[in-house]
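Beneath this line is the structure, given in structure tokens, with notes to follow.
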Amino acid sequence: MKLASLRGPGRDGTLVVVRRDGLAYAPAGADLPTMQAALDDWDRAEPALRQLAAAIERGDAATTPLVVEELAAPLPRAYEWVDGSAYIHHIVLVRKARGAEPPETLTTDPLVYQGGSGVLLGPTDDIVLADEAWGLDFEAEVCAILGDTPQGARRDEAHRYIRLFLLANDVTLRNLVPAELAKGFGFFGSKPATAFSPFAITPDELGDALRDGRVHLRLRSTYNGALIGDPEAGPEMHFSFFDLIEHIARTRSFTAGTILGSGTVSNQDPARGVSCLAERRMLEILADGAVRTPFMKPGDTIMIEMLNHAGESLFGRIAQRVVAR
């Protein structure tokens with residue numbers, strides 16, 4: 001089942017069920033006006049939404065052609081946006097890029113930060129850049145949307161709390177990061193609004209690609225019209241979504257509508273490319289002793305997409321352009 005949110009009429013958009021080919025949709029209806037409303041009452045909402053999805057696939061429900069520019073993020077605003085960093089190769093490279101050592105608990109204790117969730121970007125929203133000196137970068141990620149998740153949730157039961165999966169562009173202002181982290185209080189200004197894929201999908205849409213709390217498919221990033229990376233999202237995800245849920249729920253519970261990110265997808269194999277410019281820049285330094293790739297500037301474009309084994313786009317495509325403020 002694919003779900004999306006049309007822009008308006010309110011801030012939380014209008015929930016729609018999307019045909020599997022991503023080309024048409026039907027409104028979820030007055031009883032389930034928004035994605036958050038569905039998540040808040042998932043036990044009742046899911047069967048009704050699945051019934052509508054089946055009718056759409058049979059051609060028994062009236063549909064409207066889908067225009068991706070009319071979509072907001074699946075959750076236009078969320079109660080919480082918690083982003084992990086589950087790919088060890090990425091952590092090592094970006095720490096090296098800013099002259100920092102990886103933590104001693106690199107492989108045993110997940111890194112997470114809490115990003116802004118009141119304003120989330122739709123899949124085609126511009127990335128507004130006020131100052132090129134800030135070092136704008138994209139970061140391609142896989143995310144889960146959680147239902148109500150109790151404190152103390154364990155890894156072996158974490159699958160119960162995942163309602164949907166989606167993709168993210170976790171935008172970062174790299175040159176603001178070192179000074180900000182030096183304060184010892186975490187990311188804030190270096191993390192502007194995150195963008196999300198057109199569609200959020202139920203776990204069953206992933207089929208056998210979803211194993212052990214990991215999505216075993218390639219995540220494609222196309223930068224200024226050229227493929228820059230298509231790493232495997234599954235095998236090198238050191239901490240699975242189940243691990244991340246257990247970690248964040250150790251001391252508190254989470255409400256339905258929390259978004260949990262994987263962190264930037266990264267592989268050690270250089271043939272798989274990169275999911276952010278910081279990694280490419282560090283690899284250039286290691287290979288040639290100098291950076292050749294600048295950070296993003298107005299006019300640059302980034303597209304992020306994941307295809308299943310049949311070549312079908314599961315989440316639709318994040319397609320953004322950088323514009324000057």
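Residue numbers start at 1 in each chain; chains themselves are named A, B, ... in the order of the structure tokens; ligands are numbered from 1 in the order shown.
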
Strand (DSSP E or B) positions in region 70-108 of chain A, given as a list of chain:residue names: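 Filtering region 70-108 of chain A to strand (DSSP E or B) leaves A:Leu71, A:Glu80, A:Trp81, A:Val82, A:Asp83, A:Gly84, A:Ser85.
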
Just write the chosen residues, C-alpha atoms, as a JSON list (two decimals), in the first residue's frame.
```
[["chain", "number", "residue", "atom", "x", "y", "z"],
["A", 71, "LEU", "CA", 2.28, 16.45, -2.91],
["A", 80, "GLU", "CA", 9.42, 13.92, 16.07],
["A", 81, "TRP", "CA", 12.16, 13.44, 13.46],
["A", 82, "VAL", "CA", 14.89, 11.26, 14.93],
["A", 83, "ASP", "CA", 17.79, 10.48, 12.63],
["A", 84, "GLY", "CA", 20.31, 7.72, 13.21],
["A", 85, "SER", "CA", 23.70, 7.10, 11.65]]
```

List the spatial neighbours of region 198-201 of chain A as number ranges by chain - criterion: any atom at most 6 Å away, only C-alpha atoms, same-chain residues fewer than 5 positions off excluded. A: 1-4, 123, 164-166, 315-316

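Proximity of A:Val128, A:Asn267, A:Thr255, A:Pro178 to Gly299 (chain A), computed with only C-alpha atoms, is greatest for A:Val128.
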
Please, what distance in Å, to one decimal, runs between CA of Ala256 (chain A) and CA of Met35 (chain A)?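 Interatomic distance here is 10.4 Å.
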
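Nearest-residue note for Arg220 (chain A): choosing from A:Ile259, A:Ala195, A:Leu286, A:Val142, the minimum distance belongs to A:Val142, counting only C-alpha atoms.
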
Listing only residues of region 136-203 of chain A within 10 Å of region 86-99 of chain A, what is the closest atom pair and its distance in Å (to one decimal) for each, using only C-alpha atoms, sorted by chain and residue number ascending, as CSV?
```
residue,atom,partner,partner_atom,distance
A:Arg174,CA,A:Arg98,CA,9.0
A:Asn175,CA,A:Arg98,CA,9.0
A:Val177,CA,A:Arg98,CA,8.7
A:Pro178,CA,A:Arg98,CA,6.8
```

Any idea what's packed within 9 Å of Phe188 (chain A), counting only C-alpha atoms, ignoring anything in its chain fewer than 5 positions away? Could you give it as a ChimeraX atom specification? /A:114-116,177,180

Interatomic distance (Å, one decimal) between CA of Arg214 (chain A) and CA of Arg154 (chain A):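 Calculated distance between CA of Arg214 (chain A) and CA of Arg154 (chain A) is 16.2 Å.
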
Taking only C-alpha atoms into account, which of A:Ile228, A:Val16, A:Ala130, A:Leu244 comes nearest Tyr113 (chain A)? A:Leu244

List the spatial neighbours of Tyr25 (chain A) as an NGL selection string - criterion: any atom at most 9 Å away, only C-alpha atoms, same-chain residues fewer than 2 positions off excluded. :A and (3-4 or 16-19 or 22-23 or 27 or 56 or 62-66)

Selection from above, N, CA, C and O atoms, as a PDB file, in the first residue's frame, can you write it?
```
ATOM      1  N   LEU A   3       0.905   5.395   0.354  1.00  0.00           N
ATOM      2  CA  LEU A   3       0.148   6.525   0.867  1.00  0.00           C
ATOM      3  C   LEU A   3       0.908   7.812   0.573  1.00  0.00           C
ATOM      4  O   LEU A   3       2.130   7.822   0.465  1.00  0.00           O
ATOM      5  N   ALA A   4       0.165   8.904   0.443  1.00  0.00           N
ATOM      6  CA  ALA A   4       0.770  10.210   0.192  1.00  0.00           C
ATOM      7  C   ALA A   4      -0.128  11.277   0.787  1.00  0.00           C
ATOM      8  O   ALA A   4      -1.257  11.006   1.212  1.00  0.00           O
ATOM      9  N   VAL A  16      -4.091  10.497   0.856  1.00  0.00           N
ATOM     10  CA  VAL A  16      -4.576   9.788  -0.323  1.00  0.00           C
ATOM     11  C   VAL A  16      -3.907   8.425  -0.404  1.00  0.00           C
ATOM     12  O   VAL A  16      -2.794   8.224   0.101  1.00  0.00           O
ATOM     13  N   VAL A  17      -4.599   7.503  -1.030  1.00  0.00           N
ATOM     14  CA  VAL A  17      -4.058   6.175  -1.323  1.00  0.00           C
ATOM     15  C   VAL A  17      -3.658   6.165  -2.792  1.00  0.00           C
ATOM     16  O   VAL A  17      -4.448   6.545  -3.661  1.00  0.00           O
ATOM     17  N   VAL A  18      -2.434   5.744  -3.073  1.00  0.00           N
ATOM     18  CA  VAL A  18      -1.854   5.852  -4.406  1.00  0.00           C
ATOM     19  C   VAL A  18      -1.847   4.492  -5.090  1.00  0.00           C
ATOM     20  O   VAL A  18      -1.536   3.467  -4.461  1.00  0.00           O
ATOM     21  N   ARG A  19      -2.207   4.488  -6.354  1.00  0.00           N
ATOM     22  CA  ARG A  19      -2.135   3.263  -7.136  1.00  0.00           C
ATOM     23  C   ARG A  19      -0.693   2.759  -7.170  1.00  0.00           C
ATOM     24  O   ARG A  19       0.252   3.544  -7.120  1.00  0.00           O
ATOM     25  N   GLY A  22       1.968   4.435  -9.062  1.00  0.00           N
ATOM     26  CA  GLY A  22       2.284   5.802  -8.680  1.00  0.00           C
ATOM     27  C   GLY A  22       1.686   6.870  -9.572  1.00  0.00           C
ATOM     28  O   GLY A  22       2.053   8.047  -9.448  1.00  0.00           O
ATOM     29  N   LEU A  23       0.732   6.524 -10.412  1.00  0.00           N
ATOM     30  CA  LEU A  23       0.220   7.476 -11.400  1.00  0.00           C
ATOM     31  C   LEU A  23      -1.164   8.023 -11.081  1.00  0.00           C
ATOM     32  O   LEU A  23      -1.624   8.946 -11.761  1.00  0.00           O
ATOM     33  N   PRO A  27      -8.715   9.841  -2.605  1.00  0.00           N
ATOM     34  CA  PRO A  27      -8.673  10.342  -1.227  1.00  0.00           C
ATOM     35  C   PRO A  27      -9.047   9.261  -0.224  1.00  0.00           C
ATOM     36  O   PRO A  27      -9.913   8.419  -0.490  1.00  0.00           O
ATOM     37  N   ILE A  56      -8.738   0.378  -5.790  1.00  0.00           N
ATOM     38  CA  ILE A  56      -8.011   1.177  -6.787  1.00  0.00           C
ATOM     39  C   ILE A  56      -7.319   0.260  -7.793  1.00  0.00           C
ATOM     40  O   ILE A  56      -7.378   0.479  -9.012  1.00  0.00           O
ATOM     41  N   ALA A  62     -12.919   5.443  -8.031  1.00  0.00           N
ATOM     42  CA  ALA A  62     -12.612   6.609  -8.862  1.00  0.00           C
ATOM     43  C   ALA A  62     -11.258   7.176  -8.444  1.00  0.00           C
ATOM     44  O   ALA A  62     -10.982   7.340  -7.256  1.00  0.00           O
ATOM     45  N   THR A  63     -10.417   7.462  -9.422  1.00  0.00           N
ATOM     46  CA  THR A  63      -9.080   7.982  -9.144  1.00  0.00           C
ATOM     47  C   THR A  63      -8.832   9.278  -9.905  1.00  0.00           C
ATOM     48  O   THR A  63      -9.518   9.585 -10.879  1.00  0.00           O
ATOM     49  N   THR A  64      -7.827   9.991  -9.445  1.00  0.00           N
ATOM     50  CA  THR A  64      -7.376  11.234 -10.064  1.00  0.00           C
ATOM     51  C   THR A  64      -5.919  11.065 -10.476  1.00  0.00           C
ATOM     52  O   THR A  64      -5.130  10.493  -9.713  1.00  0.00           O
ATOM     53  N   PRO A  65      -5.533  11.545 -11.657  1.00  0.00           N
ATOM     54  CA  PRO A  65      -4.118  11.459 -12.038  1.00  0.00           C
ATOM     55  C   PRO A  65      -3.233  12.167 -11.017  1.00  0.00           C
ATOM     56  O   PRO A  65      -3.564  13.254 -10.545  1.00  0.00           O
ATOM     57  N   LEU A  66      -2.124  11.533 -10.657  1.00  0.00           N
ATOM     58  CA  LEU A  66      -1.238  12.081  -9.644  1.00  0.00           C
ATOM     59  C   LEU A  66      -0.231  13.033 -10.271  1.00  0.00           C
ATOM     60  O   LEU A  66       0.430  12.694 -11.260  1.00  0.00           O
TER      61      LEU A  66
END
```

What lies within 9 Å of Glu69 (chain A) using only C-alpha atoms, ignoring chain neighbours under 4 positions off, as an MDAnalysis selection string? chainID A and resid 122:125

What separation in Å, quoted to one decimal, exists between CA of Gln151 (chain A) and CA of Asp41 (chain A)?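 Taking CA of Gln151 (chain A) as the start and CA of Asp41 (chain A) as the end point, the length is 19.6 Å.
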